[in-house]
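Asks: Got work-v4.pdb for you, PDB, C-alpha atoms:
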```pdb
ATOM      1  CA  MET A   1     -40.540  12.203  11.325  1.00  0.00           C
ATOM      2  CA  GLY A   2     -38.302   9.283  12.379  1.00  0.00           C
ATOM      3  CA  THR A   3     -35.412   9.396  14.804  1.00  0.00           C
ATOM      4  CA  ARG A   4     -32.059  10.349  13.430  1.00  0.00           C
ATOM      5  CA  ARG A   5     -29.513   7.562  13.156  1.00  0.00           C
ATOM      6  CA  ARG A   6     -26.048   8.158  14.492  1.00  0.00           C
ATOM      7  CA  GLY A   7     -22.774   6.381  15.099  1.00  0.00           C
ATOM      8  CA  GLU A   8     -22.547   2.710  14.221  1.00  0.00           C
ATOM      9  CA  GLU A   9     -26.161   2.466  13.049  1.00  0.00           C
ATOM     10  CA  LEU A  10     -25.686   5.265  10.510  1.00  0.00           C
ATOM     11  CA  GLU A  11     -22.299   3.930   9.420  1.00  0.00           C
ATOM     12  CA  GLN A  12     -23.780   0.473   8.767  1.00  0.00           C
ATOM     13  CA  ALA A  13     -26.654   2.016   6.788  1.00  0.00           C
ATOM     14  CA  ILE A  14     -24.167   3.935   4.633  1.00  0.00           C
ATOM     15  CA  LEU A  15     -21.956   0.877   4.083  1.00  0.00           C
ATOM     16  CA  HIS A  16     -24.987  -1.217   3.182  1.00  0.00           C
ATOM     17  CA  ALA A  17     -26.210   1.452   0.742  1.00  0.00           C
ATOM     18  CA  ALA A  18     -22.767   1.795  -0.838  1.00  0.00           C
ATOM     19  CA  ALA A  19     -22.448  -2.000  -1.149  1.00  0.00           C
ATOM     20  CA  GLU A  20     -25.824  -2.150  -2.906  1.00  0.00           C
ATOM     21  CA  GLU A  21     -24.760   0.641  -5.273  1.00  0.00           C
ATOM     22  CA  LEU A  22     -21.534  -1.238  -6.044  1.00  0.00           C
ATOM     23  CA  ARG A  23     -23.517  -4.408  -6.765  1.00  0.00           C
ATOM     24  CA  GLU A  24     -25.992  -2.627  -9.022  1.00  0.00           C
ATOM     25  CA  SER A  25     -23.818  -0.048 -10.773  1.00  0.00           C
ATOM     26  CA  GLY A  26     -20.200  -1.010 -10.145  1.00  0.00           C
ATOM     27  CA  TYR A  27     -17.671   1.484  -8.874  1.00  0.00           C
ATOM     28  CA  PRO A  28     -18.043   3.878 -11.836  1.00  0.00           C
ATOM     29  CA  GLY A  29     -21.790   4.210 -11.149  1.00  0.00           C
ATOM     30  CA  MET A  30     -21.506   4.597  -7.377  1.00  0.00           C
ATOM     31  CA  THR A  31     -21.958   8.262  -6.483  1.00  0.00           C
ATOM     32  CA  MET A  32     -22.064   9.907  -3.083  1.00  0.00           C
ATOM     33  CA  ASP A  33     -25.495  11.350  -3.988  1.00  0.00           C
ATOM     34  CA  ARG A  34     -26.928   7.911  -4.752  1.00  0.00           C
ATOM     35  CA  VAL A  35     -25.423   6.368  -1.625  1.00  0.00           C
ATOM     36  CA  ALA A  36     -26.767   9.206   0.540  1.00  0.00           C
ATOM     37  CA  ALA A  37     -30.252   8.871  -0.942  1.00  0.00           C
ATOM     38  CA  ARG A  38     -30.269   5.107  -0.503  1.00  0.00           C
ATOM     39  CA  ALA A  39     -28.979   5.364   3.096  1.00  0.00           C
ATOM     40  CA  GLY A  40     -31.497   8.090   3.949  1.00  0.00           C
ATOM     41  CA  THR A  41     -28.830  10.576   4.984  1.00  0.00           C
ATOM     42  CA  ASN A  42     -26.894  13.466   3.477  1.00  0.00           C
ATOM     43  CA  LYS A  43     -23.510  13.591   1.784  1.00  0.00           C
ATOM     44  CA  ASN A  44     -21.964  15.481   4.712  1.00  0.00           C
ATOM     45  CA  ALA A  45     -22.579  12.461   6.963  1.00  0.00           C
ATOM     46  CA  ILE A  46     -20.743  10.285   4.425  1.00  0.00           C
ATOM     47  CA  TYR A  47     -17.824  12.676   3.908  1.00  0.00           C
ATOM     48  CA  ARG A  48     -17.287  12.922   7.683  1.00  0.00           C
ATOM     49  CA  ARG A  49     -16.536   9.188   7.672  1.00  0.00           C
ATOM     50  CA  TRP A  50     -14.991   8.678   4.224  1.00  0.00           C
ATOM     51  CA  PRO A  51     -13.162  11.652   2.690  1.00  0.00           C
ATOM     52  CA  HIS A  52     -13.741  10.576  -0.921  1.00  0.00           C
ATOM     53  CA  ARG A  53     -15.576   8.075  -3.099  1.00  0.00           C
ATOM     54  CA  ALA A  54     -12.584   5.716  -3.305  1.00  0.00           C
ATOM     55  CA  ALA A  55     -12.444   5.345   0.491  1.00  0.00           C
ATOM     56  CA  LEU A  56     -16.175   4.596   0.614  1.00  0.00           C
ATOM     57  CA  GLY A  57     -15.886   2.123  -2.265  1.00  0.00           C
ATOM     58  CA  ILE A  58     -13.146   0.165  -0.511  1.00  0.00           C
ATOM     59  CA  ALA A  59     -15.006   0.258   2.827  1.00  0.00           C
ATOM     60  CA  ALA A  60     -18.177  -0.995   1.143  1.00  0.00           C
ATOM     61  CA  TYR A  61     -16.284  -3.799  -0.557  1.00  0.00           C
ATOM     62  CA  ARG A  62     -14.681  -4.791   2.760  1.00  0.00           C
ATOM     63  CA  HIS A  63     -18.166  -4.761   4.314  1.00  0.00           C
ATOM     64  CA  LEU A  64     -19.322  -7.181   1.591  1.00  0.00           C
ATOM     65  CA  SER A  65     -16.189  -9.308   2.070  1.00  0.00           C
ATOM     66  CA  ASP A  66     -16.743  -9.665   5.800  1.00  0.00           C
ATOM     67  CA  VAL A  67     -20.300 -10.861   5.156  1.00  0.00           C
ATOM     68  CA  ALA A  68     -19.329 -13.280   2.366  1.00  0.00           C
ATOM     69  CA  MET A  69     -16.115 -14.720   3.847  1.00  0.00           C
ATOM     70  CA  PRO A  70     -15.945 -18.525   3.768  1.00  0.00           C
ATOM     71  CA  LYS A  71     -14.946 -20.292   6.985  1.00  0.00           C
ATOM     72  CA  PRO A  72     -14.487 -23.948   6.070  1.00  0.00           C
ATOM     73  CA  ASP A  73     -13.469 -26.433   8.730  1.00  0.00           C
ATOM     74  CA  THR A  74     -13.332 -29.831   7.038  1.00  0.00           C
ATOM     75  CA  GLY A  75     -10.915 -31.293   9.574  1.00  0.00           C
ATOM     76  CA  THR A  76      -7.880 -31.310   7.262  1.00  0.00           C
ATOM     77  CA  LEU A  77      -5.594 -28.623   5.899  1.00  0.00           C
ATOM     78  CA  ARG A  78      -6.022 -29.915   2.346  1.00  0.00           C
ATOM     79  CA  GLY A  79      -9.812 -30.002   2.645  1.00  0.00           C
ATOM     80  CA  ASP A  80      -9.959 -26.521   4.156  1.00  0.00           C
ATOM     81  CA  ALA A  81      -7.627 -25.074   1.518  1.00  0.00           C
ATOM     82  CA  LEU A  82      -9.575 -26.632  -1.358  1.00  0.00           C
ATOM     83  CA  GLU A  83     -12.875 -25.421   0.065  1.00  0.00           C
ATOM     84  CA  MET A  84     -11.503 -21.893   0.532  1.00  0.00           C
ATOM     85  CA  LEU A  85     -10.315 -21.801  -3.089  1.00  0.00           C
ATOM     86  CA  ARG A  86     -13.560 -23.313  -4.381  1.00  0.00           C
ATOM     87  CA  GLN A  87     -15.637 -20.740  -2.528  1.00  0.00           C
ATOM     88  CA  ALA A  88     -13.354 -17.913  -3.670  1.00  0.00           C
ATOM     89  CA  ASN A  89     -13.595 -19.190  -7.253  1.00  0.00           C
ATOM     90  CA  GLU A  90     -17.393 -19.277  -6.994  1.00  0.00           C
ATOM     91  CA  THR A  91     -17.473 -15.804  -5.445  1.00  0.00           C
ATOM     92  CA  TRP A  92     -15.232 -14.285  -8.138  1.00  0.00           C
ATOM     93  CA  SER A  93     -17.813 -15.167 -10.811  1.00  0.00           C
ATOM     94  CA  SER A  94     -20.724 -13.957  -8.633  1.00  0.00           C
ATOM     95  CA  PRO A  95     -22.127 -10.428  -8.202  1.00  0.00           C
ATOM     96  CA  HIS A  96     -19.686  -9.989  -5.274  1.00  0.00           C
ATOM     97  CA  GLY A  97     -16.796 -10.809  -7.610  1.00  0.00           C
ATOM     98  CA  ALA A  98     -18.194  -8.379 -10.154  1.00  0.00           C
ATOM     99  CA  VAL A  99     -17.867  -5.638  -7.506  1.00  0.00           C
ATOM    100  CA  LEU A 100     -14.190  -6.456  -6.967  1.00  0.00           C
ATOM    101  CA  ARG A 101     -13.559  -6.635 -10.711  1.00  0.00           C
ATOM    102  CA  SER A 102     -15.226  -3.224 -11.067  1.00  0.00           C
ATOM    103  CA  LEU A 103     -12.995  -1.756  -8.334  1.00  0.00           C
ATOM    104  CA  LEU A 104      -9.875  -3.257  -9.923  1.00  0.00           C
ATOM    105  CA  ALA A 105     -10.818  -1.890 -13.349  1.00  0.00           C
ATOM    106  CA  ALA A 106     -11.526   1.562 -11.906  1.00  0.00           C
ATOM    107  CA  ALA A 107      -8.217   1.544 -10.007  1.00  0.00           C
ATOM    108  CA  ALA A 108      -6.360   1.793 -13.311  1.00  0.00           C
ATOM    109  CA  ASP A 109      -7.739   5.344 -13.755  1.00  0.00           C
ATOM    110  CA  ASP A 110      -8.116   6.406 -10.117  1.00  0.00           C
ATOM    111  CA  PRO A 111      -4.811   6.820  -8.218  1.00  0.00           C
ATOM    112  CA  ALA A 112      -6.599   7.325  -4.868  1.00  0.00           C
ATOM    113  CA  LEU A 113      -8.499   4.063  -5.292  1.00  0.00           C
ATOM    114  CA  LEU A 114      -5.358   2.183  -6.300  1.00  0.00           C
ATOM    115  CA  ASP A 115      -3.469   3.554  -3.277  1.00  0.00           C
ATOM    116  CA  LEU A 116      -6.285   2.536  -0.928  1.00  0.00           C
ATOM    117  CA  MET A 117      -6.465  -0.947  -2.418  1.00  0.00           C
ATOM    118  CA  ARG A 118      -2.717  -1.396  -1.963  1.00  0.00           C
ATOM    119  CA  GLU A 119      -2.805   0.038   1.551  1.00  0.00           C
ATOM    120  CA  ARG A 120      -5.607  -2.243   2.664  1.00  0.00           C
ATOM    121  CA  SER A 121      -4.515  -5.444   0.914  1.00  0.00           C
ATOM    122  CA  GLY A 122      -2.027  -6.650   3.556  1.00  0.00           C
ATOM    123  CA  ALA A 123      -4.348  -7.702   6.342  1.00  0.00           C
ATOM    124  CA  ASP A 124      -7.647  -8.145   4.578  1.00  0.00           C
ATOM    125  CA  THR A 125     -10.415 -10.521   5.513  1.00  0.00           C
ATOM    126  CA  MET A 126      -9.233 -13.253   3.140  1.00  0.00           C
ATOM    127  CA  ASP A 127      -5.712 -13.206   4.598  1.00  0.00           C
ATOM    128  CA  ARG A 128      -7.163 -13.516   8.111  1.00  0.00           C
ATOM    129  CA  ALA A 129      -9.249 -16.501   7.010  1.00  0.00           C
ATOM    130  CA  TRP A 130      -6.184 -18.253   5.523  1.00  0.00           C
ATOM    131  CA  LEU A 131      -4.125 -17.520   8.644  1.00  0.00           C
ATOM    132  CA  SER A 132      -6.916 -19.005  10.763  1.00  0.00           C
ATOM    133  CA  LEU A 133      -6.943 -22.078   8.508  1.00  0.00           C
ATOM    134  CA  LEU A 134      -3.177 -22.471   9.035  1.00  0.00           C
ATOM    135  CA  GLU A 135      -3.520 -22.025  12.814  1.00  0.00           C
ATOM    136  CA  ARG A 136      -6.099 -24.843  12.918  1.00  0.00           C
ATOM    137  CA  ALA A 137      -3.713 -27.053  10.905  1.00  0.00           C
ATOM    138  CA  VAL A 138      -0.928 -26.337  13.413  1.00  0.00           C
ATOM    139  CA  ALA A 139      -3.276 -27.206  16.299  1.00  0.00           C
ATOM    140  CA  ARG A 140      -4.120 -30.541  14.588  1.00  0.00           C
ATOM    141  CA  GLY A 141      -0.415 -31.276  14.030  1.00  0.00           C
ATOM    142  CA  GLU A 142      -0.693 -31.032  10.226  1.00  0.00           C
ATOM    143  CA  ALA A 143       1.604 -28.026   9.858  1.00  0.00           C
ATOM    144  CA  PRO A 144       4.622 -26.580  11.637  1.00  0.00           C
ATOM    145  CA  PRO A 145       4.034 -23.360  13.621  1.00  0.00           C
ATOM    146  CA  THR A 146       6.341 -21.476  11.237  1.00  0.00           C
ATOM    147  CA  ALA A 147       3.764 -22.050   8.455  1.00  0.00           C
ATOM    148  CA  VAL A 148       1.503 -19.430  10.059  1.00  0.00           C
ATOM    149  CA  HIS A 149       2.962 -16.601   8.031  1.00  0.00           C
ATOM    150  CA  GLN A 150       1.228 -13.887   6.003  1.00  0.00           C
ATOM    151  CA  ARG A 151       3.069 -14.752   2.769  1.00  0.00           C
ATOM    152  CA  VAL A 152       2.240 -18.450   3.117  1.00  0.00           C
ATOM    153  CA  ALA A 153      -1.399 -17.547   3.808  1.00  0.00           C
ATOM    154  CA  ALA A 154      -1.570 -15.218   0.786  1.00  0.00           C
ATOM    155  CA  THR A 155      -0.013 -17.642  -1.712  1.00  0.00           C
ATOM    156  CA  PRO A 156      -3.103 -19.664  -2.764  1.00  0.00           C
ATOM    157  CA  MET A 157      -5.200 -16.547  -3.447  1.00  0.00           C
ATOM    158  CA  MET A 158      -2.352 -14.840  -5.296  1.00  0.00           C
ATOM    159  CA  LEU A 159      -2.047 -17.887  -7.554  1.00  0.00           C
ATOM    160  CA  LEU A 160      -5.812 -17.967  -8.106  1.00  0.00           C
ATOM    161  CA  ARG A 161      -5.847 -14.250  -8.984  1.00  0.00           C
ATOM    162  CA  ALA A 162      -2.970 -14.854 -11.403  1.00  0.00           C
ATOM    163  CA  GLU A 163      -5.055 -17.534 -13.119  1.00  0.00           C
ATOM    164  CA  TYR A 164      -7.914 -15.054 -13.549  1.00  0.00           C
ATOM    165  CA  ALA A 165      -5.553 -12.413 -14.915  1.00  0.00           C
ATOM    166  CA  MET A 166      -3.785 -14.781 -17.313  1.00  0.00           C
ATOM    167  CA  ARG A 167      -6.954 -16.383 -18.619  1.00  0.00           C
ATOM    168  CA  GLY A 168      -9.159 -13.276 -18.564  1.00  0.00           C
ATOM    169  CA  ILE A 169     -12.095 -15.207 -17.129  1.00  0.00           C
ATOM    170  CA  PRO A 170     -13.745 -14.992 -13.695  1.00  0.00           C
ATOM    171  CA  SER A 171     -13.609 -18.726 -12.949  1.00  0.00           C
ATOM    172  CA  VAL A 172     -11.100 -21.567 -13.265  1.00  0.00           C
ATOM    173  CA  ALA A 173     -11.462 -25.355 -13.434  1.00  0.00           C
ATOM    174  CA  ASP A 174     -11.387 -27.378 -10.226  1.00  0.00           C
ATOM    175  CA  GLU A 175      -8.227 -29.131 -11.445  1.00  0.00           C
ATOM    176  CA  VAL A 176      -6.398 -25.786 -11.248  1.00  0.00           C
ATOM    177  CA  LEU A 177      -7.510 -25.351  -7.631  1.00  0.00           C
ATOM    178  CA  ILE A 178      -6.339 -28.870  -6.781  1.00  0.00           C
ATOM    179  CA  ASP A 179      -2.947 -28.142  -8.383  1.00  0.00           C
ATOM    180  CA  ILE A 180      -2.582 -24.903  -6.408  1.00  0.00           C
ATOM    181  CA  VAL A 181      -3.201 -26.804  -3.165  1.00  0.00           C
ATOM    182  CA  ASP A 182      -1.354 -30.061  -3.876  1.00  0.00           C
ATOM    183  CA  GLU A 183       1.578 -28.787  -5.914  1.00  0.00           C
ATOM    184  CA  VAL A 184       2.290 -25.414  -4.288  1.00  0.00           C
ATOM    185  CA  PHE A 185       0.458 -24.676  -1.022  1.00  0.00           C
ATOM    186  CA  LEU A 186       0.878 -27.968   0.857  1.00  0.00           C
ATOM    187  CA  PRO A 187       4.574 -28.360  -0.113  1.00  0.00           C
ATOM    188  CA  LEU A 188       5.159 -24.738   0.942  1.00  0.00           C
ATOM    189  CA  VAL A 189       3.466 -25.318   4.308  1.00  0.00           C
ATOM    190  CA  ARG A 190       5.338 -28.553   4.966  1.00  0.00           C
ATOM    191  CA  GLY A 191       8.627 -27.025   3.854  1.00  0.00           C
ATOM    192  CA  ARG A 192       8.414 -24.382   6.591  1.00  0.00           C
ATOM    193  CA  GLY A 193       9.160 -27.020   9.248  1.00  0.00           C
TER
END
```
As structure tokens, please, write out the structure in this file.
Replies:
Amino acid sequence: MGTRRRGEELEQAILHAAAEELRESGYPGMTMDRVAARAGTNKNAIYRRWPHRAALGIAAYRHLSDVAMPKPDTGTLRGDALEMLRQANETWSSPHGAVLRSLLAAAADDPALLDLMRERSGADTMDRAWLSLLERAVARGEAPPTAVHQRVAATPMMLLRAEYAMRGIPSVADEVLIDIVDEVFLPLVRGRG
């Protein structure tokens, strides 16, 4: 019989198992029983950390997001912003994007999931990456310090998500990404000075 995992090691095993279940079955197919079996633990160990399936689903998605987060550093604000949007666009149509789309679809029928998604959306991994991108631009003298603002950082992704919602497809043309950067994001950043 193997040694029992505890603490961070067990938590990572559970998050990994839940992320794999999300990838394979989407949120509707992710059950605590299946996650427990895949993680080699019991449901009590999961419920001690996450009080319900929605909390585990969001935590597993965040675990995936942290692993898949782009960190471009092209040397220019425009280059970094375009690369971030291109990678996000590619991710949205990937299995990782399918997980997010599954969570968003399930949120329509699951108030707890919707509440958790709203609660956790303010300072997510993507926002941190955009804020870091803006901080590098300030350090290079490409942007005023006042541009490092959560709403400024969130704008490109909000516009990209709106494109997905309006068009009903999980990918948009590169020209749309260029427009988001050149016609909205860069003028917004420069206008903060």
Asks: Restricting the calculation to all atoms listed in the file, which member of A:His52, A:Leu82, A:Thr41, A:Pro95 is positioned closest to A:Ser25?
Replies: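 Answer, going by the shortest atom-to-atom distance: A:Pro95.
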Asks: Tell me which of A:Gly29, A:Met126, A:Gly7, A:Ala17 sits closest to A:Arg48, counting only C-alpha atoms.
Replies: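 Nearest candidate to A:Arg48 out of A:Gly29, A:Met126, A:Gly7, A:Ala17: A:Gly7.
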Asks: Which neighbours of A:Gly193 fall inside 8 Å, counting only C-alpha atoms, when residues of the same chain fewer than 3 positions from it are skipped, and could you give them as a PDB file with C-alpha atoms, in the frame of the given file?
Replies:
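out_31.pdb was written with the following content:
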```pdb
ATOM      1  CA  ALA A 143       1.604 -28.026   9.858  1.00  0.00           C
ATOM      2  CA  PRO A 144       4.622 -26.580  11.637  1.00  0.00           C
ATOM      3  CA  PRO A 145       4.034 -23.360  13.621  1.00  0.00           C
ATOM      4  CA  THR A 146       6.341 -21.476  11.237  1.00  0.00           C
ATOM      5  CA  ALA A 147       3.764 -22.050   8.455  1.00  0.00           C
ATOM      6  CA  VAL A 189       3.466 -25.318   4.308  1.00  0.00           C
ATOM      7  CA  ARG A 190       5.338 -28.553   4.966  1.00  0.00           C
TER       8      ARG A 190
END
```
Asks: Given the PyMOL selection byres ((chain A and resi 157-164) around 9) and the file above, list the residues it selects as a compact mmCIF listing (two decimals) with C-alpha atoms, in the frame of the given file.
Replies:
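Wrote part15.txt, looks like this:
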```txt
# COMPACT_ATOMS: atom_id res chain seq x y z
CA LEU A 85 -10.32 -21.80 -3.09
CA ALA A 88 -13.35 -17.91 -3.67
CA ASN A 89 -13.60 -19.19 -7.25
CA MET A 126 -9.23 -13.25 3.14
CA ASP A 127 -5.71 -13.21 4.60
CA ALA A 153 -1.40 -17.55 3.81
CA ALA A 154 -1.57 -15.22 0.79
CA THR A 155 -0.01 -17.64 -1.71
CA PRO A 156 -3.10 -19.66 -2.76
CA ALA A 165 -5.55 -12.41 -14.92
CA MET A 166 -3.78 -14.78 -17.31
CA ARG A 167 -6.95 -16.38 -18.62
CA GLY A 168 -9.16 -13.28 -18.56
CA ILE A 169 -12.10 -15.21 -17.13
CA PRO A 170 -13.74 -14.99 -13.70
CA SER A 171 -13.61 -18.73 -12.95
CA VAL A 172 -11.10 -21.57 -13.26
CA VAL A 176 -6.40 -25.79 -11.25
CA LEU A 177 -7.51 -25.35 -7.63
CA ILE A 180 -2.58 -24.90 -6.41
```
Asks: With all atoms listed in the file as the basis for distance, which of A:Asn44, A:Arg5, A:Ala18, A:Ala54 is at the shortest distance from A:Asp115?
Replies: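 When distances to A:Asp115 are compared using all atoms listed in the file, the smallest one comes from A:Ala54.
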Asks: Rounded to one decimal, what separation in Å do you get between atom CA of A:Met117 and atom CA of A:Trp130?
Replies: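 Computed distance, atom CA of A:Met117 to atom CA of A:Trp130, equals 19.0 Å.
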Asks: With distances taken over only C-alpha atoms, which of A:Arg78, A:Leu113, A:Gly141, A:Ala45 is nearest to A:Arg6?
Replies: A:Ala45
Asks: Considering all atoms listed in the file, can you say which of A:Ala137, A:Ala81, A:Ala129, A:Ala55 comes closest to A:Leu114?
Replies: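 Residue with the minimum atom-to-atom distance to A:Leu114: A:Ala55.
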Asks: Can you list what the PyMOL selection byres ((chain A and resi 107) around 12) grabs from this structure, as a PyMOL selection string?
Replies: chain A and resi 27-28+54-55+57-58+100-106+108-118
Asks: Between atom CA of A:Leu56 and atom CA of A:Met84, what is the distance, to one decimal in Å?
Replies: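 It comes out at 26.9 Å.
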Asks: Report, in Å to a single decimal, how far apart atom CA of A:Ser65 and atom CA of A:Trp92 are.
Replies: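 Atom-to-atom, atom CA of A:Trp92 to atom CA of A:Ser65, that is 11.4 Å.
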Asks: Pick the closest to A:Pro187 from A:Ala173, A:Ile14, A:Val152, A:Val35: which is it, counting all atoms listed in the file?
Replies: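 Closest to A:Pro187 of all the choices is A:Val152.
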Asks: With all atoms listed in the file counted, which protein, DNA or RNA residues have an atom no more than 9 Å from (-28.4, 6.6, -0.5) in the file frame? Please answer as a ChimeraX atom specification.
Replies: /A:13-14,17-18,21,31-43
Asks: Please complete stretch 136-145 of chain A with all heavy atoms and give it back as a PDB file, keeping the file's coordinate frame.
Replies:
```pdb
ATOM      1  N   ARG A 136      -5.382 -23.596  12.614  1.00  0.00           N
ATOM      2  CA  ARG A 136      -6.099 -24.843  12.918  1.00  0.00           C
ATOM      3  C   ARG A 136      -5.255 -26.052  12.508  1.00  0.00           C
ATOM      4  O   ARG A 136      -5.220 -27.062  13.207  1.00  0.00           O
ATOM      5  CB  ARG A 136      -7.465 -24.869  12.231  1.00  0.00           C
ATOM      6  CG  ARG A 136      -8.475 -23.940  12.859  1.00  0.00           C
ATOM      7  CD  ARG A 136      -9.909 -24.220  12.406  1.00  0.00           C
ATOM      8  NE  ARG A 136     -10.069 -24.302  10.965  1.00  0.00           N
ATOM      9  CZ  ARG A 136     -10.319 -23.268  10.163  1.00  0.00           C
ATOM     10  NH1 ARG A 136     -10.417 -22.058  10.667  1.00  0.00           N
ATOM     11  NH2 ARG A 136     -10.455 -23.444   8.860  1.00  0.00           N
ATOM     12  N   ALA A 137      -4.571 -25.945  11.366  1.00  0.00           N
ATOM     13  CA  ALA A 137      -3.713 -27.053  10.905  1.00  0.00           C
ATOM     14  C   ALA A 137      -2.563 -27.283  11.886  1.00  0.00           C
ATOM     15  O   ALA A 137      -2.197 -28.436  12.161  1.00  0.00           O
ATOM     16  CB  ALA A 137      -3.186 -26.764   9.505  1.00  0.00           C
ATOM     17  N   VAL A 138      -1.994 -26.206  12.413  1.00  0.00           N
ATOM     18  CA  VAL A 138      -0.928 -26.337  13.413  1.00  0.00           C
ATOM     19  C   VAL A 138      -1.483 -27.029  14.656  1.00  0.00           C
ATOM     20  O   VAL A 138      -0.863 -27.954  15.199  1.00  0.00           O
ATOM     21  CB  VAL A 138      -0.322 -24.955  13.761  1.00  0.00           C
ATOM     22  CG1 VAL A 138       0.582 -25.052  14.986  1.00  0.00           C
ATOM     23  CG2 VAL A 138       0.441 -24.385  12.569  1.00  0.00           C
ATOM     24  N   ALA A 139      -2.665 -26.616  15.105  1.00  0.00           N
ATOM     25  CA  ALA A 139      -3.276 -27.206  16.299  1.00  0.00           C
ATOM     26  C   ALA A 139      -3.563 -28.695  16.108  1.00  0.00           C
ATOM     27  O   ALA A 139      -3.484 -29.473  17.062  1.00  0.00           O
ATOM     28  CB  ALA A 139      -4.571 -26.459  16.654  1.00  0.00           C
ATOM     29  N   ARG A 140      -3.865 -29.118  14.876  1.00  0.00           N
ATOM     30  CA  ARG A 140      -4.120 -30.541  14.588  1.00  0.00           C
ATOM     31  C   ARG A 140      -2.832 -31.318  14.333  1.00  0.00           C
ATOM     32  O   ARG A 140      -2.866 -32.523  14.123  1.00  0.00           O
ATOM     33  CB  ARG A 140      -5.023 -30.666  13.346  1.00  0.00           C
ATOM     34  CG  ARG A 140      -6.455 -30.253  13.558  1.00  0.00           C
ATOM     35  CD  ARG A 140      -7.337 -30.648  12.368  1.00  0.00           C
ATOM     36  NE  ARG A 140      -6.889 -30.065  11.118  1.00  0.00           N
ATOM     37  CZ  ARG A 140      -7.435 -28.990  10.531  1.00  0.00           C
ATOM     38  NH1 ARG A 140      -8.458 -28.384  11.099  1.00  0.00           N
ATOM     39  NH2 ARG A 140      -6.960 -28.543   9.391  1.00  0.00           N
ATOM     40  N   GLY A 141      -1.689 -30.613  14.286  1.00  0.00           N
ATOM     41  CA  GLY A 141      -0.415 -31.276  14.030  1.00  0.00           C
ATOM     42  C   GLY A 141      -0.138 -31.508  12.551  1.00  0.00           C
ATOM     43  O   GLY A 141       0.768 -32.264  12.205  1.00  0.00           O
ATOM     44  N   GLU A 142      -0.885 -30.851  11.669  1.00  0.00           N
ATOM     45  CA  GLU A 142      -0.693 -31.032  10.226  1.00  0.00           C
ATOM     46  C   GLU A 142       0.328 -30.071   9.637  1.00  0.00           C
ATOM     47  O   GLU A 142       0.727 -30.243   8.488  1.00  0.00           O
ATOM     48  CB  GLU A 142      -2.011 -30.770   9.486  1.00  0.00           C
ATOM     49  CG  GLU A 142      -3.079 -31.787   9.663  1.00  0.00           C
ATOM     50  CD  GLU A 142      -4.264 -31.415   8.788  1.00  0.00           C
ATOM     51  OE1 GLU A 142      -5.110 -30.623   9.230  1.00  0.00           O
ATOM     52  OE2 GLU A 142      -4.313 -31.909   7.645  1.00  0.00           O
ATOM     53  N   ALA A 143       0.696 -29.047  10.388  1.00  0.00           N
ATOM     54  CA  ALA A 143       1.604 -28.026   9.858  1.00  0.00           C
ATOM     55  C   ALA A 143       2.506 -27.528  10.972  1.00  0.00           C
ATOM     56  O   ALA A 143       2.102 -27.483  12.132  1.00  0.00           O
ATOM     57  CB  ALA A 143       0.800 -26.859   9.280  1.00  0.00           C
ATOM     58  N   PRO A 144       3.725 -27.141  10.618  1.00  0.00           N
ATOM     59  CA  PRO A 144       4.622 -26.580  11.637  1.00  0.00           C
ATOM     60  C   PRO A 144       4.163 -25.160  11.998  1.00  0.00           C
ATOM     61  O   PRO A 144       3.584 -24.458  11.162  1.00  0.00           O
ATOM     62  CB  PRO A 144       5.980 -26.552  10.937  1.00  0.00           C
ATOM     63  CG  PRO A 144       5.669 -26.492   9.485  1.00  0.00           C
ATOM     64  CD  PRO A 144       4.372 -27.230   9.306  1.00  0.00           C
ATOM     65  N   PRO A 145       4.434 -24.709  13.212  1.00  0.00           N
ATOM     66  CA  PRO A 145       4.034 -23.360  13.621  1.00  0.00           C
ATOM     67  C   PRO A 145       4.588 -22.258  12.716  1.00  0.00           C
ATOM     68  O   PRO A 145       3.947 -21.219  12.537  1.00  0.00           O
ATOM     69  CB  PRO A 145       4.587 -23.226  15.042  1.00  0.00           C
ATOM     70  CG  PRO A 145       4.728 -24.637  15.525  1.00  0.00           C
ATOM     71  CD  PRO A 145       5.034 -25.466  14.313  1.00  0.00           C
TER      72      PRO A 145
END
```
